[in-house]
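Heads up, structure_39.txt below (compact mmCIF, C-alpha atoms and all ligand atoms):
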```txt
# COMPACT_ATOMS: atom_id res chain seq x y z
CA MET A 13 186.87 131.40 112.38
CA SER A 14 183.99 131.20 109.96
CA LEU A 15 183.25 127.98 108.14
CA LEU A 16 184.83 127.56 104.69
CA ILE A 17 182.55 125.91 102.14
CA HIS A 18 182.33 125.27 98.45
CA LEU A 19 179.14 125.33 96.45
CA ILE A 20 178.99 123.76 93.03
CA TYR A 21 176.11 124.14 90.60
CA CYS A 22 175.26 123.90 86.93
CA SER A 23 172.76 125.88 84.85
CA ALA A 24 171.68 126.71 81.32
CA THR A 25 171.95 130.13 79.68
CA THR A 26 168.63 131.79 78.84
CA TYR A 27 169.95 133.11 75.53
CA PRO A 28 172.91 132.37 73.29
CA MET A 29 175.82 134.00 75.09
CA GLN A 30 178.53 135.69 73.14
CA ASP A 31 182.06 136.41 74.20
CA ALA A 32 181.13 139.99 75.11
CA ASP A 33 178.36 138.69 77.39
CA LEU A 34 180.76 136.36 79.17
CA VAL A 35 183.48 138.96 79.52
CA SER A 36 181.02 141.41 81.06
CA LEU A 37 179.81 138.72 83.50
CA LEU A 38 183.38 137.90 84.48
CA GLU A 39 184.37 141.50 85.03
CA THR A 40 181.59 141.96 87.58
CA SER A 41 182.32 138.59 89.17
CA ARG A 42 186.02 139.25 89.63
CA LYS A 43 185.42 142.64 91.16
CA ASN A 44 182.80 141.38 93.61
CA ASN A 45 184.57 138.15 94.43
CA ALA A 46 187.82 139.90 95.26
CA LYS A 47 185.92 142.01 97.81
CA ALA A 48 184.02 139.06 99.27
CA LYS A 49 187.11 136.78 99.22
CA ILE A 50 185.36 134.27 97.00
CA THR A 51 187.41 132.07 94.70
CA GLY A 52 186.40 129.45 92.17
CA ILE A 53 185.94 128.71 88.53
CA LEU A 54 183.23 129.18 85.93
CA LEU A 55 182.96 126.91 82.92
CA HIS A 56 180.81 127.52 79.90
CA GLU A 57 180.12 125.18 77.05
CA ASN A 58 177.34 125.29 74.49
CA GLY A 59 174.86 127.11 76.67
CA SER A 60 175.72 125.24 79.89
CA PHE A 61 177.40 126.77 82.93
CA PHE A 62 179.22 124.96 85.69
CA GLN A 63 180.56 126.96 88.60
CA VAL A 64 182.54 126.30 91.77
CA LEU A 65 182.30 128.98 94.46
CA GLU A 66 184.58 128.83 97.49
CA GLY A 67 184.60 131.09 100.52
CA THR A 68 183.07 131.62 103.92
CA GLN A 69 179.60 130.15 104.24
CA GLU A 70 178.07 133.58 104.63
CA ALA A 71 179.77 135.09 101.58
CA VAL A 72 179.04 132.10 99.33
CA GLU A 73 175.38 131.87 100.38
CA GLN A 74 174.90 135.58 99.79
CA LEU A 75 176.40 135.41 96.32
CA TYR A 76 174.49 132.26 95.43
CA GLU A 77 171.23 133.95 96.33
CA ARG A 78 172.02 136.66 93.74
CA ILE A 79 173.15 134.14 91.17
CA LEU A 80 169.94 132.11 91.61
CA HIS A 81 167.89 135.14 90.61
CA ASP A 82 170.06 136.10 87.66
CA ASN A 83 167.98 136.01 84.49
CA ARG A 84 170.92 135.23 82.26
CA HIS A 85 170.57 131.59 83.20
CA THR A 86 167.90 129.11 84.22
CA LYS A 87 167.54 125.50 85.42
CA VAL A 88 170.07 126.09 88.17
CA VAL A 89 170.88 122.77 89.84
CA THR A 90 172.82 122.79 93.12
CA ILE A 91 175.20 119.86 92.84
CA ILE A 92 176.83 120.13 96.22
CA ARG A 93 177.29 122.55 99.12
CA GLU A 94 179.70 121.29 101.80
CA PRO A 95 182.46 122.39 104.19
CA ILE A 96 186.03 122.18 102.89
CA ALA A 97 189.38 122.16 104.71
CA LYS A 98 191.08 124.50 102.23
CA ARG A 99 190.46 126.27 98.94
CA THR A 100 191.13 124.48 95.65
CA PHE A 101 191.19 127.67 93.56
CA GLY A 102 193.00 129.94 95.98
CA GLU A 103 194.46 132.12 93.25
CA TRP A 104 191.35 132.77 91.21
CA THR A 105 188.70 135.30 92.04
CA MET A 106 186.83 133.59 89.20
CA GLY A 107 188.80 131.48 86.81
CA PHE A 108 187.04 130.96 83.55
CA VAL A 109 187.10 128.30 80.92
CA LYS A 110 185.09 128.43 77.78
CA LEU A 111 185.52 124.92 76.56
CA ASP A 112 184.31 125.37 73.03
CA SER A 113 186.63 128.20 71.98
CA GLN A 114 190.22 129.22 72.43
CA GLU A 115 189.50 132.84 71.48
CA LEU A 116 188.87 133.98 75.01
CA ASP A 117 192.35 132.92 76.10
CA GLU A 118 193.67 135.92 74.25
CA ILE A 119 191.60 138.47 76.11
CA ILE A 120 193.88 140.23 78.55
CA GLY A 121 192.96 139.78 82.16
CA LEU A 122 190.79 136.79 81.56
CA ASN A 123 192.88 134.91 84.05
CA ASP A 124 192.33 131.65 82.29
CA PHE A 125 192.41 128.66 84.54
CA PHE A 126 194.61 126.57 82.29
CA ALA A 127 196.92 129.39 81.28
CA GLU A 128 197.91 130.34 84.80
CA GLY A 129 200.57 127.71 85.18
CA SER A 130 198.57 125.54 87.52
CA SER A 131 196.69 123.29 85.16
CA PHE A 132 193.86 120.91 85.78
CA THR A 133 196.26 118.02 86.42
CA GLN A 134 197.92 119.99 89.19
CA LEU A 135 194.66 120.69 90.97
CA GLY A 136 194.50 119.13 94.41
CA ALA A 137 192.43 115.95 94.38
CA GLY A 138 189.00 116.43 95.86
CA ARG A 139 185.35 116.79 95.11
CA ALA A 140 185.72 119.95 93.00
CA LYS A 141 188.26 118.27 90.76
CA LYS A 142 186.09 115.16 90.33
CA LEU A 143 183.05 117.22 89.45
CA LEU A 144 185.03 119.39 87.04
CA ALA A 145 186.21 116.22 85.33
CA ALA A 146 182.61 115.01 85.11
CA PHE A 147 181.50 118.29 83.53
CA ARG A 148 184.33 118.14 81.01
CA LYS A 149 183.11 114.67 80.03
CA GLY A 150 179.71 116.15 79.23
CA ARG A 151 177.88 115.46 82.48
CA TRP A 152 176.10 118.00 84.68
CA ARG A 153 174.74 119.88 81.69
CA SER A 154 171.46 121.68 82.24
CA LYS A 155 169.66 120.87 79.03
CA VAL A 156 169.50 123.55 76.37
CA LYS A 157 168.16 122.47 73.03
CA ASN A 158 169.01 124.13 69.70
CA GLN A 159 170.39 127.37 71.06
CA SER A 160 171.44 128.96 67.80
CA PRO A 161 174.37 131.31 68.22
CA VAL A 162 173.87 134.93 67.27
CA GLN A 163 176.42 136.08 64.70
CA GLN A 164 179.22 138.26 66.00
CA LYS A 165 181.17 139.97 63.27
CA ASP A 166 183.43 142.71 64.48
CA GLY A 167 184.87 144.51 67.46
CA GLU A 168 182.33 147.29 67.23
CA LYS A 169 179.49 144.86 67.61
CA GLU A 170 181.22 143.27 70.57
CA VAL A 171 181.29 146.58 72.41
CA SER A 172 177.67 147.29 71.61
CA LEU A 173 176.59 143.84 72.73
CA LYS A 174 178.39 144.39 75.96
CA SER A 175 176.08 147.26 76.75
CA ALA A 176 173.06 145.24 75.60
CA THR A 177 174.17 142.56 78.03
CA SER A 178 174.35 144.98 80.89
CA HIS A 179 170.72 145.91 80.19
CA ILE A 180 169.64 142.31 79.80
CA SER A 181 171.10 141.34 83.16
CA LYS A 182 168.86 143.97 84.77
CA ILE A 183 165.49 142.97 83.38
CA SER A 184 162.64 140.94 84.70
CA PHE A 185 158.91 140.77 84.09
CA ALA A 186 155.56 141.60 85.57
CA PHE A 187 152.46 139.73 84.41
CA GLN A 188 148.93 141.00 83.79
CA PRO A 189 145.97 138.75 83.05
CA ILE A 190 143.69 138.91 80.04
CA VAL A 191 140.36 137.50 81.16
CA ASP A 192 137.25 136.19 79.54
CA VAL A 193 134.80 137.85 81.90
CA GLU A 194 131.87 135.85 80.57
CA GLU A 195 133.55 132.56 81.35
CA HIS A 196 135.29 133.89 84.49
CA ARG A 197 138.57 132.59 83.20
CA VAL A 198 142.09 133.91 82.65
CA ILE A 199 142.91 133.13 79.04
CA ALA A 200 146.46 134.50 79.14
CA TYR A 201 149.04 136.56 80.98
CA GLU A 202 150.94 139.29 79.18
CA ALA A 203 154.62 139.62 80.11
CA LEU A 204 155.56 143.27 80.71
CA ILE A 205 159.18 144.30 80.95
CA ARG A 206 160.47 145.65 84.25
CA GLY A 207 163.78 146.22 86.02
CA GLN A 208 165.00 143.62 88.50
CA LYS A 209 163.31 145.46 91.34
CA ASN A 210 160.06 146.06 89.46
CA GLU A 211 161.14 149.50 88.31
CA ASP A 212 159.91 150.96 85.04
CA PHE A 213 162.20 149.84 82.26
CA SER A 214 160.93 152.02 79.46
CA ASN A 215 163.55 154.69 80.17
CA ILE A 216 166.30 152.18 79.35
CA VAL A 217 164.82 151.18 76.01
CA PRO A 218 165.80 154.36 74.11
CA GLU A 219 169.42 153.75 75.08
CA ILE A 220 169.52 150.57 73.07
CA SER A 221 170.92 151.10 69.61
CA GLU A 222 169.51 149.67 66.39
CA GLN A 223 172.49 147.37 66.18
CA GLU A 224 171.90 145.71 69.53
CA TRP A 225 168.13 145.75 69.32
CA LEU A 226 167.61 142.27 67.89
CA GLN A 227 169.73 140.68 70.59
CA PHE A 228 167.90 142.69 73.24
CA ASP A 229 164.45 141.83 71.88
CA THR A 230 165.32 138.14 71.55
CA SER A 231 166.79 137.95 75.03
CA CYS A 232 163.80 139.74 76.55
CA ARG A 233 161.39 137.14 75.24
CA ALA A 234 163.66 134.29 76.33
CA ILE A 235 163.78 135.76 79.85
CA ALA A 236 160.01 136.34 79.88
CA ILE A 237 159.48 132.71 78.93
CA SER A 238 161.91 131.29 81.47
CA THR A 239 160.47 133.53 84.21
CA ALA A 240 156.92 132.46 83.33
CA ALA A 241 157.96 128.80 83.28
CA ARG A 242 159.72 129.12 86.64
CA LEU A 243 156.58 130.65 88.17
CA GLY A 244 154.36 127.88 86.77
CA LEU A 245 152.54 129.63 83.92
CA PRO A 246 148.85 128.72 84.36
CA SER A 247 147.51 129.90 80.97
CA ASP A 248 148.67 131.18 77.58
CA LEU A 249 151.51 133.68 77.48
CA HIS A 250 151.44 136.94 75.50
CA LEU A 251 154.85 138.27 74.54
CA ASN A 252 155.62 141.62 73.01
CA PHE A 253 157.38 141.24 69.73
CA MET A 254 159.69 144.21 69.48
CA ALA A 255 161.77 143.38 66.39
CA ARG A 256 161.96 146.62 64.47
CA GLN A 257 162.88 145.23 61.09
CA VAL A 258 160.82 142.74 59.11
CA LYS A 259 164.10 141.19 57.97
CA ASP A 260 164.84 140.20 61.59
CA ALA A 261 161.43 138.63 62.14
CA ARG A 262 162.32 135.05 61.27
CA SER A 263 165.24 134.78 63.66
CA ALA A 264 163.27 136.61 66.37
CA ILE A 265 160.38 134.14 66.07
CA GLN A 266 162.67 131.15 65.80
CA SER A 267 164.53 132.03 68.98
CA THR A 268 161.22 132.54 70.80
CA LEU A 269 160.04 129.11 69.80
CA GLU A 270 163.32 127.60 70.93
CA ALA A 271 163.08 129.35 74.28
CA ALA A 272 159.54 128.00 74.72
CA GLU A 273 160.67 124.49 73.87
CA ARG A 274 163.63 124.69 76.25
CA ASN A 275 161.33 125.72 79.07
CA GLY A 276 158.72 123.07 78.38
CA ILE A 277 156.03 125.52 77.24
CA ASN A 278 153.95 124.25 74.38
CA LEU A 279 154.12 126.55 71.37
CA ASN A 280 150.37 126.76 71.09
CA ARG A 281 150.37 128.61 74.42
CA ILE A 282 152.42 131.50 73.02
CA VAL A 283 150.84 134.57 71.44
CA LEU A 284 153.13 137.20 69.91
CA GLU A 285 151.81 140.73 70.29
CA ILE A 286 152.89 142.76 67.31
CA ASP A 287 152.86 146.51 67.30
CA GLN A 288 152.53 147.26 63.61
CA ASP A 289 153.54 150.92 63.96
CA LYS A 290 156.99 149.90 65.19
CA LEU A 291 157.74 147.34 62.50
CA ILE A 292 159.66 148.68 59.53
CA GLY A 293 159.47 146.85 56.21
CA ASP A 294 157.12 144.98 53.96
CA SER A 295 153.97 143.75 55.80
CA GLN A 296 153.33 141.19 53.10
CA HIS A 297 156.74 139.65 53.69
CA PHE A 298 156.13 139.72 57.42
CA ALA A 299 152.81 137.93 56.91
CA GLN A 300 154.58 135.20 54.93
CA ILE A 301 157.03 134.64 57.79
CA ILE A 302 154.17 134.43 60.31
CA GLU A 303 152.39 131.99 58.02
CA GLU A 304 155.36 129.62 58.14
CA TYR A 305 155.09 129.42 61.91
CA ARG A 306 151.34 128.95 62.15
CA GLY A 307 151.91 125.30 61.37
CA VAL A 308 153.71 124.84 64.69
CA GLY A 309 150.89 126.50 66.61
CA LEU A 310 152.14 130.08 66.89
CA ARG A 311 149.43 132.74 67.26
CA VAL A 312 149.67 136.49 66.76
CA SER A 313 147.82 139.48 68.06
CA ILE A 314 147.99 143.03 66.70
CA ASP A 315 148.68 145.26 69.65
CA HIS A 316 147.42 148.85 69.89
CA PHE A 317 144.96 148.28 67.10
CA GLY A 318 143.78 151.68 65.92
CA ALA A 319 141.24 153.17 63.63
CA GLY A 320 143.45 153.90 60.61
CA ARG A 321 143.13 152.35 57.19
CA ALA A 322 146.55 150.69 57.63
CA ALA A 323 145.20 148.81 60.62
CA LEU A 324 142.24 147.44 58.66
CA LYS A 325 144.48 146.49 55.76
CA LEU A 326 146.61 144.54 58.18
CA LEU A 327 143.66 142.37 59.16
CA GLU A 328 143.54 141.22 55.56
CA ILE A 329 147.28 140.74 55.13
CA LEU A 330 148.23 139.29 58.48
CA ARG A 331 144.99 137.58 59.52
CA PRO A 332 145.84 137.76 63.24
CA ASP A 333 144.22 135.50 65.79
CA MET A 334 143.49 138.47 67.97
CA ILE A 335 143.65 142.26 68.15
CA ALA A 336 144.04 144.44 71.22
CA LEU A 337 142.32 147.78 70.98
CA ASN A 338 144.37 150.92 71.27
CA ILE A 339 144.18 152.75 74.61
CA GLN A 340 143.05 155.90 72.75
CA ILE A 341 139.92 154.05 71.62
CA VAL A 342 139.26 152.37 74.94
CA ARG A 343 139.61 155.42 77.17
CA ASP A 344 136.20 156.93 78.06
CA ILE A 345 134.47 154.92 75.33
CA ASP A 346 131.25 154.93 77.34
CA THR A 347 130.85 158.66 76.64
CA ASN A 348 132.45 159.02 73.19
CA GLY A 349 130.20 158.29 70.21
CA ALA A 350 132.94 158.32 67.57
CA ARG A 351 134.99 155.71 69.44
CA GLN A 352 131.87 153.60 69.91
CA ALA A 353 131.13 153.69 66.17
CA ILE A 354 134.71 152.69 65.32
CA VAL A 355 134.66 149.74 67.71
CA ARG A 356 131.30 148.56 66.34
CA GLY A 357 132.77 148.61 62.81
CA VAL A 358 135.92 146.77 63.90
CA THR A 359 133.86 144.24 65.83
CA GLN A 360 131.79 143.35 62.80
CA THR A 361 134.92 142.96 60.63
CA CYS A 362 136.64 140.82 63.24
CA ASP A 363 133.55 138.67 63.75
CA ASP A 364 133.42 138.01 60.03
CA LEU A 365 137.11 137.10 59.94
CA GLY A 366 137.15 134.99 63.12
CA ILE A 367 139.42 137.37 65.03
CA ASP A 368 139.12 137.84 68.80
CA ILE A 369 139.09 141.35 70.27
CA VAL A 370 140.72 142.29 73.56
CA ALA A 371 139.80 145.57 75.22
CA LYS A 372 143.12 146.56 76.79
CA ASP A 373 143.83 149.14 79.48
CA VAL A 374 140.25 149.11 80.74
CA ASN A 375 140.37 151.17 83.90
CA SER A 376 136.79 152.13 84.78
CA VAL A 377 133.59 150.24 85.48
CA GLU A 378 131.83 152.32 82.81
CA GLU A 379 134.31 151.37 80.07
CA TYR A 380 134.11 147.75 81.19
CA GLN A 381 130.33 147.72 81.08
CA TRP A 382 130.24 149.30 77.64
CA PHE A 383 132.42 146.54 76.16
CA LEU A 384 130.37 143.84 77.81
CA ASP A 385 127.15 145.31 76.41
CA GLU A 386 128.74 145.18 72.95
CA GLY A 387 129.64 141.52 73.42
CA ILE A 388 133.40 142.13 73.85
CA THR A 389 134.25 139.90 76.77
CA LEU A 390 138.05 139.66 76.63
CA ILE A 391 139.28 142.36 78.99
CA GLN A 392 142.68 143.45 80.27
CA GLY A 393 143.30 146.37 82.58
CA ASN A 394 143.96 147.59 86.09
CA LEU A 395 140.25 147.38 86.88
CA ILE A 396 140.54 143.57 86.67
CA ALA A 397 144.15 143.18 87.83
CA SER A 398 147.25 145.38 87.76
CA PRO A 399 150.50 143.84 86.53
CA ALA A 400 152.27 141.98 89.34
CA PHE A 401 156.02 141.60 89.51
CA GLU A 402 157.15 138.01 88.92
CA GLN A 403 153.68 136.79 89.83
CA PHE A 404 150.50 135.75 88.08
CA PRO A 405 147.93 137.93 89.86
CA ALA A 406 144.39 136.66 90.33
CA PRO A 407 141.78 138.77 88.50
CA GLN A 408 138.91 140.48 90.18
CA TYR A 409 135.66 139.73 88.34
CA LEU A 410 133.02 142.38 88.59
C1 LIG Q 1 176.54 131.78 85.55
C2 LIG Q 1 176.72 133.00 86.42
C3 LIG Q 1 177.78 133.10 87.29
C4 LIG Q 1 177.96 134.22 88.09
N1 LIG Q 1 179.01 134.28 88.95
C5 LIG Q 1 179.18 135.38 89.70
C6 LIG Q 1 180.28 135.49 90.61
O1 LIG Q 1 181.10 134.59 90.73
N2 LIG Q 1 180.39 136.63 91.33
C7 LIG Q 1 179.51 137.66 91.21
O2 LIG Q 1 179.66 138.67 91.91
N3 LIG Q 1 178.47 137.60 90.36
C8 LIG Q 1 178.29 136.49 89.61
N4 LIG Q 1 177.23 136.42 88.74
C9 LIG Q 1 176.39 137.63 88.61
C10 LIG Q 1 175.38 137.76 89.73
O3 LIG Q 1 174.23 136.97 89.44
C11 LIG Q 1 174.94 139.23 89.87
O4 LIG Q 1 174.47 139.73 88.65
C12 LIG Q 1 176.07 140.11 90.32
O5 LIG Q 1 176.73 139.56 91.43
C13 LIG Q 1 175.53 141.53 90.67
O6 LIG Q 1 176.63 142.32 90.87
P1 LIG Q 1 176.49 143.94 91.00
O7 LIG Q 1 175.53 144.13 92.17
O8 LIG Q 1 177.90 144.40 91.27
O9 LIG Q 1 175.95 144.41 89.67
C14 LIG Q 1 177.04 135.29 87.98
C15 LIG Q 1 175.96 135.19 87.10
C16 LIG Q 1 175.80 134.07 86.32
C17 LIG Q 1 174.66 133.99 85.36
```

For this file, produce the structure as structure tokens.
Amino acid sequence: MSLLIHLIYCSATTYPMQDADLVSLLETSRKNNAKAKITGILLHENGSFFQVLEGTQEAVEQLYERILHDNRHTKVVTIIREPIAKRTFGEWTMGFVKLDSQELDEIIGLNDFFAEGSSFTQLGAGRAKKLLAAFRKGRWRSKVKNQSPVQQKDGEKEVSLKSATSHISKISFAFQPIVDVEEHRVIAYEALIRGQKNEDFSNIVPEISEQEWLQFDTSCRAIAISTAARLGLPSDLHLNFMARQVKDARSAIQSTLEAAERNGINLNRIVLEIDQDKLIGDSQHFAQIIEEYRGVGLRVSIDHFGAGRAALKLLEILRPDMIALNIQIVRDIDTNGARQAIVRGVTQTCDDLGIDIVAKDVNSVEEYQWFLDEGITLIQGNLIASPAFEQFPAPQYL
């Protein structure tokens, strides 16, 4: 007979979880656990998880391996993993208790631990019970500071968030360096969204509705930050800022800063890459919001900086710390006079305003050499290093 064990751990959510997020997590868990004959309980309070998993050693270890790599939580601490004589939660494929709200009790099929007749006091004495009691007293909490809950207003939103959650649980990040080739130094890594197995994620993005976009965008950055922190971020971190509405900008920035703080990354190491073409609303208002956050060290870069008048106007309004040149300007610049003239003009403007320029998507030695000759030394592109999945790849200096 195979060895029966229980494994108990605690963790912190990577983003503020809503009821729909938790329900979706439980649905998957119950289905899988029934198949793998795993029982246990999952507790959630204020951004902290505590879970008991019981089953054969093989089944529990296999599941735990998946759970460890789940981007919905971070700071996973294994409290204990030991053989047990019998199951404590024999009836529950995954009992669930959300300690800070009674609302979930009403959701059919939630199989609430306390509502099933066998309450906490009737649980057989043992390690699981003692640790559960400790968690309920506020111990074994992976620390999450200031995780501000996202508003949830109606049933419709709940359904939509459920699908956002299913996307969020599938994402991870690749990282690509931005290097100062003159100083032979990586100044930053840009986080690029991928699926959990490094697959292209851009095909998923159109499926996300306007309504769920803010939650998706916010969660993406939180996951990028926690992944970077877990991998030991060696430089600054560039994050794509995908909020579509200027009115959402403040909460999007605020949640990013909180995620950085939670993961021990100093705010002055974060650069938000803003794609102006995708942001709807008043640029002046957006600039004011950015201004508020400069005081805490936040920096911004305008991504895909192009040749249009709107782009130049933005330099005045937003006063970014950096711009990244549009791929259409970078491609074949060594042989295209018009592109060269545009970059020379932009370079002079940026020099006068104290703005750094990154040549992005540099793919050939000729393009690279042209930028260097013009004194543009911040380079990003496959020529130097391709994005690497959940790794910080070393650049190749030419
Ligand atoms: C806090 C937490 C607890 C989880 N508990 C379980 C669980 O008990 N069973 C389970 O199958 N997945 C659980 N998951 C989800 C797994 O990490 C993983 O996403 C899932 O097993 C994949 O299932 P699928 O291959 O059917 O999509 C948990 C995730 C988190 C963040």

Take every atom of ligand LIG 1 (chain Q) listed in the file, pad by 6 Å on each side, and give me the axis-aligned box centre and edge lengths in Å, one decimal, as lines of an AutoDock Vina configuration file.
```
center_x = 177.7
center_y = 138.1
center_z = 88.8
size_x = 18.9
size_y = 24.6
size_z = 18.8
```

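Nearest residue to ligand LIG 1 (chain Q), choosing from A:Glu273, A:Glu77, A:Glu402, A:Glu195 and counting all atoms listed in the file: A:Glu77.
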
- Give me the residues within 7 Å of range 61-68 of chain A as a ChimeraX atom specification, counting all atoms listed in the file and dropping any in the same chain fewer than 3 places off. /A:14-24,49-57,71-72,99

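Taking CA of Ile396 in chain A and CA of Ile190 in chain A as the two end points, the separation is 8.7 Å.
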
- Message: Which residues are close to range 311-322 of chain A, i.e. within 6 Å by all atoms listed in the file, leaving aside same-chain residues fewer than 2 positions away? Reply as number ranges by chain.
- Response: A: 283-287, 324-325, 332-338

- Task: Fewer than 5 positions away in the same chain doesn't count, so skip those; otherwise give me all residues within 9 Å of Ala264 in chain A, counting all atoms listed in the file, as a list in words.
- Result: Leu226, Gln227, Asp229, Thr230, Phe253, Met254, Ala255 and Leu269 of chain A

Using all atoms listed in the file, find each residue in chain A having at least one atom no more than 7 Å away from ligand LIG 1 (chain Q); report its shortest atom-to-atom pair and that distance in Å (one decimal), rows by chain then rising number, as JSON lines.
```
{"residue": "A:Leu37", "atom": "CA", "partner": "Q:LIG1", "partner_atom": "C9", "distance": 6.2}
{"residue": "A:Thr40", "atom": "CA", "partner": "Q:LIG1", "partner_atom": "O8", "distance": 5.8}
{"residue": "A:Ser41", "atom": "CA", "partner": "Q:LIG1", "partner_atom": "N2", "distance": 3.5}
{"residue": "A:Arg42", "atom": "CA", "partner": "Q:LIG1", "partner_atom": "N2", "distance": 6.4}
{"residue": "A:Asn44", "atom": "CA", "partner": "Q:LIG1", "partner_atom": "O2", "distance": 4.5}
{"residue": "A:Asn45", "atom": "CA", "partner": "Q:LIG1", "partner_atom": "N2", "distance": 5.4}
{"residue": "A:Leu54", "atom": "CA", "partner": "Q:LIG1", "partner_atom": "C3", "distance": 6.8}
{"residue": "A:Phe61", "atom": "CA", "partner": "Q:LIG1", "partner_atom": "C1", "distance": 5.7}
{"residue": "A:Gln63", "atom": "CA", "partner": "Q:LIG1", "partner_atom": "C3", "distance": 6.9}
{"residue": "A:Leu65", "atom": "CA", "partner": "Q:LIG1", "partner_atom": "O1", "distance": 6.8}
{"residue": "A:Leu75", "atom": "CA", "partner": "Q:LIG1", "partner_atom": "O2", "distance": 6.4}
{"residue": "A:Arg78", "atom": "CA", "partner": "Q:LIG1", "partner_atom": "O3", "distance": 4.8}
{"residue": "A:Ile79", "atom": "CA", "partner": "Q:LIG1", "partner_atom": "O3", "distance": 3.5}
{"residue": "A:Leu80", "atom": "CA", "partner": "Q:LIG1", "partner_atom": "O3", "distance": 6.8}
{"residue": "A:His81", "atom": "CA", "partner": "Q:LIG1", "partner_atom": "O3", "distance": 6.7}
{"residue": "A:Asp82", "atom": "CA", "partner": "Q:LIG1", "partner_atom": "O3", "distance": 4.6}
{"residue": "A:Arg84", "atom": "CA", "partner": "Q:LIG1", "partner_atom": "C17", "distance": 5.0}
{"residue": "A:His85", "atom": "CA", "partner": "Q:LIG1", "partner_atom": "C17", "distance": 5.2}
{"residue": "A:Met106", "atom": "CA", "partner": "Q:LIG1", "partner_atom": "O1", "distance": 6.0}
{"residue": "A:Ser181", "atom": "CA", "partner": "Q:LIG1", "partner_atom": "O4", "distance": 6.6}
```

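The space between CA of Ala400 in chain A and CA of Tyr27 in chain A spans 24.1 Å.
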
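Put simply, CA of Phe185 in chain A is 19.8 Å away from CA of Asn278 in chain A.
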
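The shortest atom-to-atom distance to Val258 in chain A, with all atoms listed in the file taken into account, belongs to A:Gly293 out of A:Gly349, A:Gly307, A:Gly150, A:Gly293.
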
- Message: List the spatial neighbours of Thr347 in chain A as a ChimeraX atom specification - criterion: any atom at most 10 Å away, all atoms listed in the file, same-chain residues fewer than 4 positions off excluded.
- Response: /A:343,351-352,378-379,382

- Might you pull out every residue within 12 Å of Ile235 in chain A, with only C-alpha atoms counted and same-chain residues fewer than 5 positions away left off, and present them as a ChimeraX atom specification? /A:25-28,81-86,180-186,203-206,208,228-230,240-242,251,267-268,271-272,274-275,402

Next, the residues of the selection above should be written as a compact mmCIF listing (two decimals), in the coordinates of the input with C-alpha atoms.
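The new file result03.txt reads:
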```txt
# COMPACT_ATOMS: atom_id res chain seq x y z
CA THR A 25 171.95 130.13 79.68
CA THR A 26 168.63 131.79 78.84
CA TYR A 27 169.95 133.11 75.53
CA PRO A 28 172.91 132.37 73.29
CA HIS A 81 167.89 135.14 90.61
CA ASP A 82 170.06 136.10 87.66
CA ASN A 83 167.98 136.01 84.49
CA ARG A 84 170.92 135.23 82.26
CA HIS A 85 170.57 131.59 83.20
CA THR A 86 167.90 129.11 84.22
CA ILE A 180 169.64 142.31 79.80
CA SER A 181 171.10 141.34 83.16
CA LYS A 182 168.86 143.97 84.77
CA ILE A 183 165.49 142.97 83.38
CA SER A 184 162.64 140.94 84.70
CA PHE A 185 158.91 140.77 84.09
CA ALA A 186 155.56 141.60 85.57
CA ALA A 203 154.62 139.62 80.11
CA LEU A 204 155.56 143.27 80.71
CA ILE A 205 159.18 144.30 80.95
CA ARG A 206 160.47 145.65 84.25
CA GLN A 208 165.00 143.62 88.50
CA PHE A 228 167.90 142.69 73.24
CA ASP A 229 164.45 141.83 71.88
CA THR A 230 165.32 138.14 71.55
CA ALA A 240 156.92 132.46 83.33
CA ALA A 241 157.96 128.80 83.28
CA ARG A 242 159.72 129.12 86.64
CA LEU A 251 154.85 138.27 74.54
CA SER A 267 164.53 132.03 68.98
CA THR A 268 161.22 132.54 70.80
CA ALA A 271 163.08 129.35 74.28
CA ALA A 272 159.54 128.00 74.72
CA ARG A 274 163.63 124.69 76.25
CA ASN A 275 161.33 125.72 79.07
CA GLU A 402 157.15 138.01 88.92
```
